[in-house]
Structure formats: structure tokens, C-alpha cells
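Engineer: Okay, so here is run.cif, and as you'll see once you scroll down, it has mmCIF, C-alpha atoms.
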data_upload
loop_
_atom_site.group_PDB
_atom_site.id
_atom_site.type_symbol
_atom_site.label_atom_id
_atom_site.label_comp_id
_atom_site.auth_asym_id
_atom_site.auth_seq_id
_atom_site.Cartn_x
_atom_site.Cartn_y
_atom_site.Cartn_z
ATOM 1 C CA MET A 27 -22.525 127.671 -163.016
ATOM 2 C CA SER A 28 -19.083 128.244 -161.567
ATOM 3 C CA SER A 29 -17.121 131.490 -161.664
ATOM 4 C CA TYR A 30 -13.968 132.177 -163.626
ATOM 5 C CA ALA A 31 -11.682 135.166 -163.290
ATOM 6 C CA ARG A 32 -8.095 135.753 -164.325
ATOM 7 C CA ILE A 33 -7.086 139.167 -163.039
ATOM 8 C CA TRP A 34 -3.397 140.023 -162.969
ATOM 9 C CA LEU A 35 -2.541 143.012 -160.795
ATOM 10 C CA HIS A 36 0.692 144.974 -160.532
ATOM 11 C CA MET A 37 0.549 146.735 -157.179
ATOM 12 C CA VAL A 38 3.018 149.318 -155.917
ATOM 13 C CA PHE A 39 3.212 150.919 -152.495
ATOM 14 C CA GLY A 40 5.788 152.882 -150.596
ATOM 15 C CA THR A 41 7.083 153.392 -147.102
ATOM 16 C CA LYS A 42 5.782 156.302 -145.046
ATOM 17 C CA TYR A 43 7.516 159.544 -146.045
ATOM 18 C CA ASN A 44 9.381 157.510 -148.718
ATOM 19 C CA LYS A 45 11.847 156.618 -146.005
ATOM 20 C CA PRO A 46 14.382 153.981 -147.198
ATOM 21 C CA MET A 47 13.621 151.393 -144.514
ATOM 22 C CA ILE A 48 13.634 148.033 -146.315
ATOM 23 C CA LYS A 49 17.292 147.092 -146.134
ATOM 24 C CA THR A 50 18.930 144.353 -148.198
ATOM 25 C CA GLU A 51 19.311 142.084 -145.163
ATOM 26 C CA SER A 52 15.571 142.217 -144.352
ATOM 27 C CA GLU A 53 13.920 142.427 -147.764
ATOM 28 C CA LYS A 54 13.733 138.657 -148.403
ATOM 29 C CA LEU A 55 11.972 138.138 -145.055
ATOM 30 C CA ILE A 56 9.518 140.920 -145.860
ATOM 31 C CA TYR A 57 8.863 139.753 -149.421
ATOM 32 C CA ASP A 58 8.391 136.157 -148.247
ATOM 33 C CA PHE A 59 5.863 137.362 -145.667
ATOM 34 C CA MET A 60 3.959 139.284 -148.364
ATOM 35 C CA GLN A 61 3.957 136.225 -150.591
ATOM 36 C CA GLU A 62 2.440 134.106 -147.822
ATOM 37 C CA LYS A 63 -0.166 136.772 -147.067
ATOM 38 C CA LEU A 64 -1.207 136.891 -150.724
ATOM 39 C CA LYS A 65 -1.598 133.106 -150.679
ATOM 40 C CA GLU A 66 -3.754 133.349 -147.525
ATOM 41 C CA LEU A 67 -5.984 135.758 -149.461
ATOM 42 C CA ASP A 68 -6.302 133.190 -152.293
ATOM 43 C CA CYS A 69 -4.164 135.306 -154.585
ATOM 44 C CA ILE A 70 -1.338 133.726 -156.565
ATOM 45 C CA PRO A 71 1.902 135.692 -156.190
ATOM 46 C CA MET A 72 4.157 135.826 -159.231
ATOM 47 C CA ARG A 73 6.779 138.470 -158.319
ATOM 48 C CA ILE A 74 7.646 140.666 -155.365
ATOM 49 C CA ASN A 75 10.613 142.998 -155.428
ATOM 50 C CA GLY A 76 11.439 146.577 -154.723
ATOM 51 C CA MET A 77 13.694 149.149 -153.217
ATOM 52 C CA PRO A 78 14.293 150.431 -149.685
ATOM 53 C CA ASP A 79 11.351 152.849 -150.058
ATOM 54 C CA HIS A 80 8.767 150.826 -152.031
ATOM 55 C CA VAL A 81 7.669 147.408 -153.266
ATOM 56 C CA HIS A 82 6.107 145.980 -156.422
ATOM 57 C CA LEU A 83 3.834 142.938 -156.349
ATOM 58 C CA LEU A 84 2.559 141.014 -159.367
ATOM 59 C CA PHE A 85 -0.143 138.474 -158.622
ATOM 60 C CA LEU A 86 -3.323 136.829 -159.807
ATOM 61 C CA ALA A 87 -6.012 138.426 -157.707
ATOM 62 C CA ASN A 88 -8.831 136.727 -155.848
ATOM 63 C CA TYR A 89 -11.849 138.113 -157.723
ATOM 64 C CA LYS A 90 -13.870 138.153 -154.499
ATOM 65 C CA LEU A 91 -11.634 140.877 -153.014
ATOM 66 C CA SER A 92 -11.108 144.414 -154.258
ATOM 67 C CA SER A 93 -7.590 145.631 -154.937
ATOM 68 C CA ALA A 94 -8.009 148.061 -152.029
ATOM 69 C CA GLU A 95 -8.926 145.188 -149.700
ATOM 70 C CA ILE A 96 -5.933 143.127 -150.822
ATOM 71 C CA ALA A 97 -3.578 146.090 -150.362
ATOM 72 C CA MET A 98 -5.016 146.919 -146.938
ATOM 73 C CA ARG A 99 -4.598 143.347 -145.713
ATOM 74 C CA VAL A 100 -1.094 142.874 -147.121
ATOM 75 C CA LYS A 101 0.180 146.263 -145.942
ATOM 76 C CA GLY A 102 -1.501 146.048 -142.522
ATOM 77 C CA SER A 103 -0.386 142.531 -141.691
ATOM 78 C CA CYS A 104 3.111 143.183 -143.047
ATOM 79 C CA SER A 105 3.759 146.328 -140.988
ATOM 80 C CA HIS A 106 2.298 144.631 -137.886
ATOM 81 C CA TRP A 107 4.549 141.596 -138.412
ATOM 82 C CA ILE A 108 7.654 143.743 -139.047
ATOM 83 C CA ASN A 109 7.084 145.740 -135.844
ATOM 84 C CA LYS A 110 6.038 142.779 -133.668
ATOM 85 C CA ASN A 111 9.118 140.783 -134.689
ATOM 86 C CA ASN A 112 11.578 143.694 -134.681
ATOM 87 C CA ILE A 113 12.552 142.989 -138.286
ATOM 88 C CA LEU A 114 13.676 146.600 -138.659
ATOM 89 C CA PRO A 115 15.414 148.762 -136.028
ATOM 90 C CA GLU A 116 12.658 151.405 -135.940
ATOM 91 C CA LYS A 117 8.870 151.503 -136.208
ATOM 92 C CA PHE A 118 7.749 150.646 -139.739
ATOM 93 C CA GLU A 119 4.764 152.109 -141.594
ATOM 94 C CA TRP A 120 3.528 152.121 -145.175
ATOM 95 C CA LYS A 121 2.440 155.271 -146.944
ATOM 96 C CA GLU A 122 -1.305 155.654 -147.446
ATOM 97 C CA GLY A 123 -2.526 154.689 -150.879
ATOM 98 C CA ILE A 124 -1.403 152.331 -153.609
ATOM 99 C CA GLY A 125 -0.745 152.222 -157.299
ATOM 100 C CA VAL A 126 -2.513 149.305 -158.914
ATOM 101 C CA PHE A 127 -2.544 148.372 -162.571
ATOM 102 C CA SER A 128 -4.256 145.542 -164.412
ATOM 103 C CA VAL A 129 -1.910 143.457 -166.528
ATOM 104 C CA SER A 130 -2.977 141.425 -169.542
ATOM 105 C CA ASP A 131 -1.687 137.880 -169.930
ATOM 106 C CA ALA A 132 0.386 139.122 -172.869
ATOM 107 C CA LEU A 133 2.262 141.564 -170.604
ATOM 108 C CA VAL A 134 2.892 139.327 -167.595
ATOM 109 C CA SER A 135 6.420 138.359 -168.720
ATOM 110 C CA ARG A 136 7.316 141.992 -169.378
ATOM 111 C CA THR A 137 5.963 143.030 -165.971
ATOM 112 C CA LYS A 138 7.882 140.225 -164.211
ATOM 113 C CA ARG A 139 11.087 141.424 -165.868
ATOM 114 C CA TYR A 140 10.342 145.023 -164.922
ATOM 115 C CA ILE A 141 9.868 144.027 -161.277
ATOM 116 C CA ASP A 142 12.965 141.799 -161.306
ATOM 117 C CA LEU A 143 15.110 144.703 -162.537
ATOM 118 C CA GLN A 144 14.044 147.239 -159.900
ATOM 119 C CA LYS A 145 17.505 147.815 -158.504
ATOM 120 C CA ARG A 146 19.036 148.353 -161.914
ATOM 121 C CA HIS A 147 16.553 150.908 -163.194
ATOM 122 C CA HIS A 148 16.426 152.749 -159.868
ATOM 123 C CA SER A 149 20.082 153.569 -160.317
ATOM 124 C CA LYS A 150 18.725 156.016 -162.934
ATOM 125 C CA PHE A 151 15.214 156.911 -161.714
ATOM 126 C CA THR A 152 13.639 157.879 -158.388
ATOM 127 C CA PHE A 153 10.490 156.225 -157.061
ATOM 128 C CA GLN A 154 8.495 159.362 -157.962
ATOM 129 C CA GLN A 155 9.849 159.336 -161.522
ATOM 130 C CA GLU A 156 8.958 155.640 -161.761
ATOM 131 C CA CYS A 157 5.386 156.295 -160.580
ATOM 132 C CA ASP A 158 4.995 159.180 -163.022
ATOM 133 C CA GLN A 159 6.181 156.926 -165.866
ATOM 134 C CA LEU A 160 3.867 154.047 -164.876
ATOM 135 C CA PHE A 161 0.862 156.387 -164.748
ATOM 136 C CA LYS A 162 1.826 157.952 -168.077
ATOM 137 C CA GLU A 163 2.199 154.565 -169.795
ATOM 138 C CA HIS A 164 -1.145 153.321 -168.507
ATOM 139 C CA GLU A 165 -2.938 156.555 -169.414
ATOM 140 C CA GLN A 166 -1.516 156.312 -172.944
ATOM 141 C CA THR A 167 -2.766 152.715 -173.223
ATOM 142 C CA ILE A 168 -6.240 153.807 -172.122
ATOM 143 C CA ARG A 169 -6.298 156.662 -174.657
ATOM 144 C CA ASN A 170 -5.072 154.410 -177.482
ATOM 145 C CA ASN A 171 -7.681 151.753 -176.729
ATOM 146 C CA SER A 172 -10.545 154.254 -176.439
ATOM 147 C CA GLU A 173 -9.735 155.663 -179.879
ATOM 148 C CA GLU A 174 -10.250 152.293 -181.587
#
Go through the file and emit its structure as C-alpha cells.

Structural biologist:
Amino acid sequence: MSSYARIWLHMVFGTKYNKPMIKTESEKLIYDFMQEKLKELDCIPMRINGMPDHVHLLFLANYKLSSAEIAMRVKGSCSHWINKNNILPEKFEWKEGIGVFSVSDALVSRTKRYIDLQKRHHSKFTFQQECDQLFKEHEQTIRNNSEE
């Protein structure tokens, strides 16, 4: 018997101290690196985008790896690569921790759009407000589903 898994994850993580370090001129390089790292981990990247102080990744996860393992490998290799190649003018670090949310197939398009529009909606909301809203929406979904 072979294994089958289709696990969409929306992962969010920020820069250390929420420092706005990912500048417009370097973000494509950084996002491309993350995309390649996800592929190396046998994950299928769908979207990567963010702001100077955080990134969002949407991908099909490798079921053999935990979300924590994927985050650790992507974040660790990315910060090492940024610093080794002097991509940014100062030492780069990610904040500890991640936000990770499962996404149903039915919500993949909506999540892609949400990630694509990061710069537009962050003209109105801070990263902290965004995190609070994401947690609130997912908690509400859990409560609604548990009541059925």
C-alpha cells in the first residue's frame, strides 16, 4: 500500500524584534531561496510573499516532516544564506516561533489571494493585528466545526 497525503499549510514567520529588514530590492532573492528550500524538502510551494518584517508561505507539505521541522529548515537555511551572501547590510535573524494553519483545498485560492495582497492590506493593518485576526478566524472555524 502506498501513502497519500494532501496537506496545505499557510505558514507565517517574522524577523527578530519585528525589524523591517526584508527590503523590496532583496525580497525576490529571499523568496526564491525559500521556494527552492521547500522543493528540497519535497514540499510544493504555491505562494511566498510578505512585508519587510514577516513572510507568508503557502505550500503542500511533505507529510513525512512536521510543520516545525519544515519551518526550522526553511528559516535556518534562509538566514544562513542571507548572512553568508551579504544579501542584507546587517546580520539577519528570524523571530522564534511560527504561525501555521492548515488550509482546505476549497480555501487555497482565497489564501493565495490573501498572500498576494500583503502590501495592500498592510497599509491598513500591522503584522500584530494581522496575526490576531488570523488566530481569531481560525479559532472561530474550530468552534463552528466542533458545534456540528

Engineer: Given the PyMOL selection byres ((chain A and resi 117) around 12) and the file above, list the residues it selects as a list of chain:residue names.

Structural biologist: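 When the PyMOL selection byres ((chain A and resi 117) around 12) is applied to the shown file, the picked residues are A:Thr41, A:Lys42, A:Lys45, A:Met47, A:Ile48, A:Ser105, A:His106, A:Trp107, A:Ile108, A:Asn109, A:Lys110, A:Asn111, A:Asn112, A:Ile113, A:Leu114, A:Pro115, A:Glu116, A:Phe118, A:Glu119, A:Trp120.
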
Engineer: Take the residues just selected and output them with C-alpha atoms as a short mmCIF file (atom, residue, chain, number, x, y, z; two decimals), in the frame of the given file.

Structural biologist:
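What ended up in selection_4.cif:
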data_model
loop_
_atom_site.label_atom_id
_atom_site.label_comp_id
_atom_site.auth_asym_id
_atom_site.auth_seq_id
_atom_site.Cartn_x
_atom_site.Cartn_y
_atom_site.Cartn_z
CA THR A 41 7.08 153.39 -147.10
CA LYS A 42 5.78 156.30 -145.05
CA LYS A 45 11.85 156.62 -146.00
CA MET A 47 13.62 151.39 -144.51
CA ILE A 48 13.63 148.03 -146.32
CA SER A 105 3.76 146.33 -140.99
CA HIS A 106 2.30 144.63 -137.89
CA TRP A 107 4.55 141.60 -138.41
CA ILE A 108 7.65 143.74 -139.05
CA ASN A 109 7.08 145.74 -135.84
CA LYS A 110 6.04 142.78 -133.67
CA ASN A 111 9.12 140.78 -134.69
CA ASN A 112 11.58 143.69 -134.68
CA ILE A 113 12.55 142.99 -138.29
CA LEU A 114 13.68 146.60 -138.66
CA PRO A 115 15.41 148.76 -136.03
CA GLU A 116 12.66 151.40 -135.94
CA PHE A 118 7.75 150.65 -139.74
CA GLU A 119 4.76 152.11 -141.59
CA TRP A 120 3.53 152.12 -145.18
#

Engineer: Written as a ChimeraX atom specification, which residues does the PyMOL selection byres ((chain A and resi 126) around 10) give for the file shown?

Structural biologist: /A:35-39,82-84,93-94,97,123-125,127-129,160-161

Engineer: With the PyMOL selection byres ((chain A and resi 62-67) around 9) as the selection, what would be picked from this file? Answer as a VMD selection string, please.

Structural biologist: chain A and resid 57 to 61 68 to 71 85 87 to 88 91 96 99 to 100 103 to 104

Engineer: If you take every atom of segment 100-114 of chain A that the file lists and fit an axis-aligned box around them with 6 Å extra on each side, what centre and edge lengths come out in Å to one decimal, as lines of an AutoDock Vina configuration file?

Structural biologist:
center_x = 6.1
center_y = 143.7
center_z = -140.4
size_x = 27.2
size_y = 17.8
size_z = 25.5

Engineer: Atom CA of Ser130 of chain A to atom CA of Lys54 of chain A: how many Å, to one decimal?

Structural biologist: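 Atom-to-atom, atom CA of Ser130 of chain A and atom CA of Lys54 of chain A are spaced 27.1 Å apart.
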
Engineer: Considering only C-alpha atoms, return as a PyMOL selection string whatever protein or nucleic-acid residues lie within 10 Å of Ile141 of chain A, sequence-local ones (same chain, fewer than 3 positions apart) excluded.

Structural biologist: chain A and resi 36+73-76+81-84+135-138+144-145+147

Engineer: Nearest to Met98 of chain A: which of A:Tyr140, A:Lys162, A:Pro78, A:Lys121 is it, counting only C-alpha atoms?

Structural biologist: A:Lys121

Engineer: Around the point (15.4, 149.6, -148.3) in the file's coordinates, collect all residues with an atom within 8 Å, using all atoms listed in the file, and return them as a ChimeraX atom specification.

Structural biologist: /A:46-50,53,77-80

Engineer: Hey, can you check how far atom CA of Asp142 of chain A sits from atom CA of Arg32 of chain A?

Structural biologist: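 Taking atom CA of Asp142 of chain A as the start and atom CA of Arg32 of chain A as the end point, the length is 22.1 Å.
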
Engineer: What gap, in Å, lies between atom CA of Ile33 of chain A and atom CA of Ala132 of chain A?

Structural biologist: 12.3 Å

Engineer: Could segment 102-116 of chain A be written out with all heavy atoms, as a PDB file, in the first residue's frame, please?

Structural biologist:
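Written file, selection.pdb:
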ATOM      1  N   GLY A 102      16.194  28.451   9.110  1.00  0.00           N
ATOM      2  CA  GLY A 102      17.626  28.300   9.388  1.00  0.00           C
ATOM      3  C   GLY A 102      18.483  28.441   8.144  1.00  0.00           C
ATOM      4  O   GLY A 102      19.468  29.183   8.135  1.00  0.00           O
ATOM      5  N   SER A 103      18.099  27.752   7.085  1.00  0.00           N
ATOM      6  CA  SER A 103      18.905  27.820   5.861  1.00  0.00           C
ATOM      7  C   SER A 103      18.807  29.201   5.235  1.00  0.00           C
ATOM      8  O   SER A 103      19.784  29.720   4.682  1.00  0.00           O
ATOM      9  CB  SER A 103      18.493  26.734   4.867  1.00  0.00           C
ATOM     10  OG  SER A 103      17.151  26.903   4.468  1.00  0.00           O
ATOM     11  N   CYS A 104      17.637  29.826   5.333  1.00  0.00           N
ATOM     12  CA  CYS A 104      17.434  31.147   4.739  1.00  0.00           C
ATOM     13  C   CYS A 104      18.291  32.199   5.450  1.00  0.00           C
ATOM     14  O   CYS A 104      18.997  32.977   4.797  1.00  0.00           O
ATOM     15  CB  CYS A 104      15.964  31.525   4.801  1.00  0.00           C
ATOM     16  SG  CYS A 104      15.594  33.094   4.010  1.00  0.00           S
ATOM     17  N   SER A 105      18.254  32.236   6.769  1.00  0.00           N
ATOM     18  CA  SER A 105      19.049  33.245   7.485  1.00  0.00           C
ATOM     19  C   SER A 105      20.543  32.994   7.275  1.00  0.00           C
ATOM     20  O   SER A 105      21.316  33.943   7.094  1.00  0.00           O
ATOM     21  CB  SER A 105      18.699  33.276   8.972  1.00  0.00           C
ATOM     22  OG  SER A 105      18.889  32.027   9.578  1.00  0.00           O
ATOM     23  N   HIS A 106      20.956  31.728   7.246  1.00  0.00           N
ATOM     24  CA  HIS A 106      22.366  31.408   6.977  1.00  0.00           C
ATOM     25  C   HIS A 106      22.771  31.914   5.592  1.00  0.00           C
ATOM     26  O   HIS A 106      23.819  32.548   5.428  1.00  0.00           O
ATOM     27  CB  HIS A 106      22.587  29.894   7.088  1.00  0.00           C
ATOM     28  CG  HIS A 106      23.970  29.469   6.748  1.00  0.00           C
ATOM     29  ND1 HIS A 106      25.030  29.629   7.617  1.00  0.00           N
ATOM     30  CD2 HIS A 106      24.474  28.913   5.619  1.00  0.00           C
ATOM     31  CE1 HIS A 106      26.137  29.186   7.021  1.00  0.00           C
ATOM     32  NE2 HIS A 106      25.823  28.740   5.818  1.00  0.00           N
ATOM     33  N   TRP A 107      21.945  31.646   4.599  1.00  0.00           N
ATOM     34  CA  TRP A 107      22.222  32.064   3.221  1.00  0.00           C
ATOM     35  C   TRP A 107      22.260  33.587   3.109  1.00  0.00           C
ATOM     36  O   TRP A 107      23.151  34.148   2.466  1.00  0.00           O
ATOM     37  CB  TRP A 107      21.155  31.465   2.299  1.00  0.00           C
ATOM     38  CG  TRP A 107      21.238  31.919   0.886  1.00  0.00           C
ATOM     39  CD1 TRP A 107      22.085  31.459  -0.083  1.00  0.00           C
ATOM     40  CD2 TRP A 107      20.441  32.932   0.271  1.00  0.00           C
ATOM     41  NE1 TRP A 107      21.854  32.131  -1.261  1.00  0.00           N
ATOM     42  CE2 TRP A 107      20.851  33.037  -1.064  1.00  0.00           C
ATOM     43  CE3 TRP A 107      19.416  33.753   0.725  1.00  0.00           C
ATOM     44  CZ2 TRP A 107      20.268  33.934  -1.958  1.00  0.00           C
ATOM     45  CZ3 TRP A 107      18.834  34.635  -0.158  1.00  0.00           C
ATOM     46  CH2 TRP A 107      19.268  34.727  -1.484  1.00  0.00           C
ATOM     47  N   ILE A 108      21.307  34.275   3.715  1.00  0.00           N
ATOM     48  CA  ILE A 108      21.272  35.743   3.685  1.00  0.00           C
ATOM     49  C   ILE A 108      22.567  36.315   4.261  1.00  0.00           C
ATOM     50  O   ILE A 108      23.188  37.204   3.665  1.00  0.00           O
ATOM     51  CB  ILE A 108      20.050  36.285   4.465  1.00  0.00           C
ATOM     52  CG1 ILE A 108      18.759  36.008   3.694  1.00  0.00           C
ATOM     53  CG2 ILE A 108      20.193  37.790   4.745  1.00  0.00           C
ATOM     54  CD1 ILE A 108      17.484  36.280   4.499  1.00  0.00           C
ATOM     55  N   ASN A 109      22.986  35.802   5.413  1.00  0.00           N
ATOM     56  CA  ASN A 109      24.187  36.325   6.080  1.00  0.00           C
ATOM     57  C   ASN A 109      25.470  35.944   5.345  1.00  0.00           C
ATOM     58  O   ASN A 109      26.371  36.768   5.188  1.00  0.00           O
ATOM     59  CB  ASN A 109      24.224  35.866   7.534  1.00  0.00           C
ATOM     60  CG  ASN A 109      23.122  36.504   8.356  1.00  0.00           C
ATOM     61  OD1 ASN A 109      22.781  37.666   8.172  1.00  0.00           O
ATOM     62  ND2 ASN A 109      22.542  35.738   9.256  1.00  0.00           N
ATOM     63  N   LYS A 110      25.547  34.706   4.870  1.00  0.00           N
ATOM     64  CA  LYS A 110      26.749  34.243   4.156  1.00  0.00           C
ATOM     65  C   LYS A 110      26.971  35.026   2.864  1.00  0.00           C
ATOM     66  O   LYS A 110      28.108  35.325   2.490  1.00  0.00           O
ATOM     67  CB  LYS A 110      26.601  32.751   3.842  1.00  0.00           C
ATOM     68  CG  LYS A 110      27.754  32.160   3.074  1.00  0.00           C
ATOM     69  CD  LYS A 110      27.502  30.694   2.791  1.00  0.00           C
ATOM     70  CE  LYS A 110      28.476  30.212   1.744  1.00  0.00           C
ATOM     71  NZ  LYS A 110      28.009  29.006   1.075  1.00  0.00           N
ATOM     72  N   ASN A 111      25.872  35.385   2.196  1.00  0.00           N
ATOM     73  CA  ASN A 111      25.967  36.063   0.902  1.00  0.00           C
ATOM     74  C   ASN A 111      25.766  37.576   0.980  1.00  0.00           C
ATOM     75  O   ASN A 111      25.652  38.231  -0.059  1.00  0.00           O
ATOM     76  CB  ASN A 111      24.955  35.451  -0.070  1.00  0.00           C
ATOM     77  CG  ASN A 111      25.326  34.031  -0.418  1.00  0.00           C
ATOM     78  OD1 ASN A 111      26.291  33.795  -1.131  1.00  0.00           O
ATOM     79  ND2 ASN A 111      24.583  33.073   0.118  1.00  0.00           N
ATOM     80  N   ASN A 112      25.724  38.097   2.200  1.00  0.00           N
ATOM     81  CA  ASN A 112      25.560  39.541   2.404  1.00  0.00           C
ATOM     82  C   ASN A 112      24.396  40.112   1.592  1.00  0.00           C
ATOM     83  O   ASN A 112      24.520  41.160   0.955  1.00  0.00           O
ATOM     84  CB  ASN A 112      26.851  40.293   2.068  1.00  0.00           C
ATOM     85  CG  ASN A 112      27.981  39.880   2.973  1.00  0.00           C
ATOM     86  OD1 ASN A 112      27.828  39.857   4.191  1.00  0.00           O
ATOM     87  ND2 ASN A 112      29.112  39.517   2.379  1.00  0.00           N
ATOM     88  N   ILE A 113      23.260  39.426   1.649  1.00  0.00           N
ATOM     89  CA  ILE A 113      22.069  39.859   0.934  1.00  0.00           C
ATOM     90  C   ILE A 113      21.519  41.137   1.570  1.00  0.00           C
ATOM     91  O   ILE A 113      20.997  42.005   0.886  1.00  0.00           O
ATOM     92  CB  ILE A 113      20.989  38.753   0.930  1.00  0.00           C
ATOM     93  CG1 ILE A 113      21.527  37.453   0.304  1.00  0.00           C
ATOM     94  CG2 ILE A 113      19.714  39.220   0.239  1.00  0.00           C
ATOM     95  CD1 ILE A 113      21.975  37.560  -1.138  1.00  0.00           C
ATOM     96  N   LEU A 114      21.656  41.239   2.869  1.00  0.00           N
ATOM     97  CA  LEU A 114      21.207  42.419   3.607  1.00  0.00           C
ATOM     98  C   LEU A 114      22.417  43.079   4.272  1.00  0.00           C
ATOM     99  O   LEU A 114      23.400  42.401   4.570  1.00  0.00           O
ATOM    100  CB  LEU A 114      20.164  42.020   4.653  1.00  0.00           C
ATOM    101  CG  LEU A 114      18.897  41.366   4.085  1.00  0.00           C
ATOM    102  CD1 LEU A 114      17.996  40.871   5.203  1.00  0.00           C
ATOM    103  CD2 LEU A 114      18.147  42.330   3.183  1.00  0.00           C
ATOM    104  N   PRO A 115      22.339  44.391   4.539  1.00  0.00           N
ATOM    105  CA  PRO A 115      23.507  45.104   5.062  1.00  0.00           C
ATOM    106  C   PRO A 115      23.870  44.785   6.510  1.00  0.00           C
ATOM    107  O   PRO A 115      24.961  45.110   6.955  1.00  0.00           O
ATOM    108  CB  PRO A 115      23.117  46.584   4.925  1.00  0.00           C
ATOM    109  CG  PRO A 115      21.641  46.593   4.829  1.00  0.00           C
ATOM    110  CD  PRO A 115      21.228  45.275   4.220  1.00  0.00           C
ATOM    111  N   GLU A 116      22.966  44.143   7.255  1.00  0.00           N
ATOM    112  CA  GLU A 116      23.275  43.793   8.642  1.00  0.00           C
ATOM    113  C   GLU A 116      22.886  42.347   8.901  1.00  0.00           C
ATOM    114  O   GLU A 116      22.192  41.728   8.096  1.00  0.00           O
ATOM    115  CB  GLU A 116      22.571  44.737   9.615  1.00  0.00           C
ATOM    116  CG  GLU A 116      21.065  44.790   9.445  1.00  0.00           C
ATOM    117  CD  GLU A 116      20.433  45.870  10.304  1.00  0.00           C
ATOM    118  OE1 GLU A 116      20.470  45.750  11.536  1.00  0.00           O
ATOM    119  OE2 GLU A 116      19.911  46.832   9.726  1.00  0.00           O
TER     120      GLU A 116
END
